[in-house]
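> Got a structure here, written out as structure tokens. Questions coming.
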Amino acid sequence: MSNLDSAATALEKGFCEDSNFPEPQQLLSELSELLTVLEGRQPETIVEVGTARGGTFCILSAIPSVNIAISIDLPGVAATENELQSVADAPTIRAIRQDSQTVQTKEKVEDILDGRDIDALLIDADHHYDSVMTDYELYAPLVGSNGIVFVHDIVVHDRADEIEVDEFWTDLEADGTKAEIVDQAYGPPFVKRDGWNIVAHGFGVVDRRGELKGRTHV
Ligand SMILES: C[S@@+](CC[C@H](N)C(=O)[O-])C[C@H]1O[C@@H](n2cnc3c(N)ncnc32)[C@H](O)[C@@H]1O
């Protein structure tokens, strides 16, 4: 079974314990919709800023068109490049393990891309306002005119965790190219998964093609 089939099966099952995949830190309803959008776009280059154990990275990199998949996360925290290569499908899997919010990290991404645009960018690292803004300002300019940006956690239920992506998303001006993927049914009381409650969710989408509009309820 290909990784993409495994991902689809895992999504359907809600990641049963015998899945080979680490669990993505996402609502599977929203991730499934994101996957549908991306499968229609045939992205060749994807970048995930904030990968953790790699659950979402594995799924994104399993999209058959993907040639280069780049993961950015802090050292000692996230899955290593070897670990990602053992579960992810893309021909080129690269893991940069340093602070995403530096020009040096951006330059490493550019070196790997070697002149290519990013086709799909997922920002899901430090969720403070200034941090999300920095990630967006560094990496969104590398996304091509047919590309797409996803910003995770635009719906925040509990500010105690200092998640401020909603404020960033509200303030972001993107020339009419903003859309959203949100599971409207999700909210308190929260479902405890893997020892933690999901208190924020939803993808903000900046679609450079301008095809996605408004809010997709899933
Ligand atoms: C919510 S988790 C990512 C979940 C992952 N996208 C998924 O769907 O499974 C956030 C990740 O961002 C990383 N992170 C936080 N601050 C960062 C920074 N300044 N640079 C790079 N990674 C960072 C954390 O180490 C953590 O692994």
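Naming works like this for the structure tokens: A, B, ... for the chains as they're shown, residue 1 at the start of each chain, ligands 1 onward in shown order.
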Which protein, DNA or RNA residues have an atom within 6 Å of ligand 1, counting only C-alpha atoms and all ligand atoms, as a ChimeraX atom specification?

/A:24-26,50-52,54-56,72-74,77-78,99-101,124-126

> Need to verify the contact set: A:Thr80, 8 Å, only C-alpha atoms, exclusion of same-chain residues closer than 3 positions in sequence. Can you return it as a list of chain:residue names?

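Here the qualifying residues turn out to be A:Glu83, A:Leu84, A:Ala95.
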
> Go through A:Asp183, A:Glu167, A:Asp135, A:Asp119 and flag the residue nearest A:Arg41, using only C-alpha atoms for the distances.

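Closest candidate: A:Asp119.
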
> Between A:Leu212, A:Ile63, A:Val109, A:Met133, which one has atoms that come closest to A:Ile181, using only C-alpha atoms?

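Looking at the shortest contact to A:Ile181, the residue is A:Leu212.
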
> In Å, rounded to a single decimal, give me how far atom CA of A:Thr170 is from atom CA of A:Val218.

20.4 Å

> Counting only C-alpha atoms, which residues of stretch 36-77 of chain A fall within 10 Å of stretch 139-144 of chain A, and what is the closest atom pair for each with its distance in Å at one decimal, ordered by chain and rising number, as JSON lines?


```
{"residue": "A:Thr45", "atom": "CA", "partner": "A:Val143", "partner_atom": "CA", "distance": 9.5}
{"residue": "A:Ile46", "atom": "CA", "partner": "A:Val143", "partner_atom": "CA", "distance": 9.5}
{"residue": "A:Val47", "atom": "CA", "partner": "A:Tyr139", "partner_atom": "CA", "distance": 8.9}
{"residue": "A:Val49", "atom": "CA", "partner": "A:Tyr139", "partner_atom": "CA", "distance": 8.9}
```
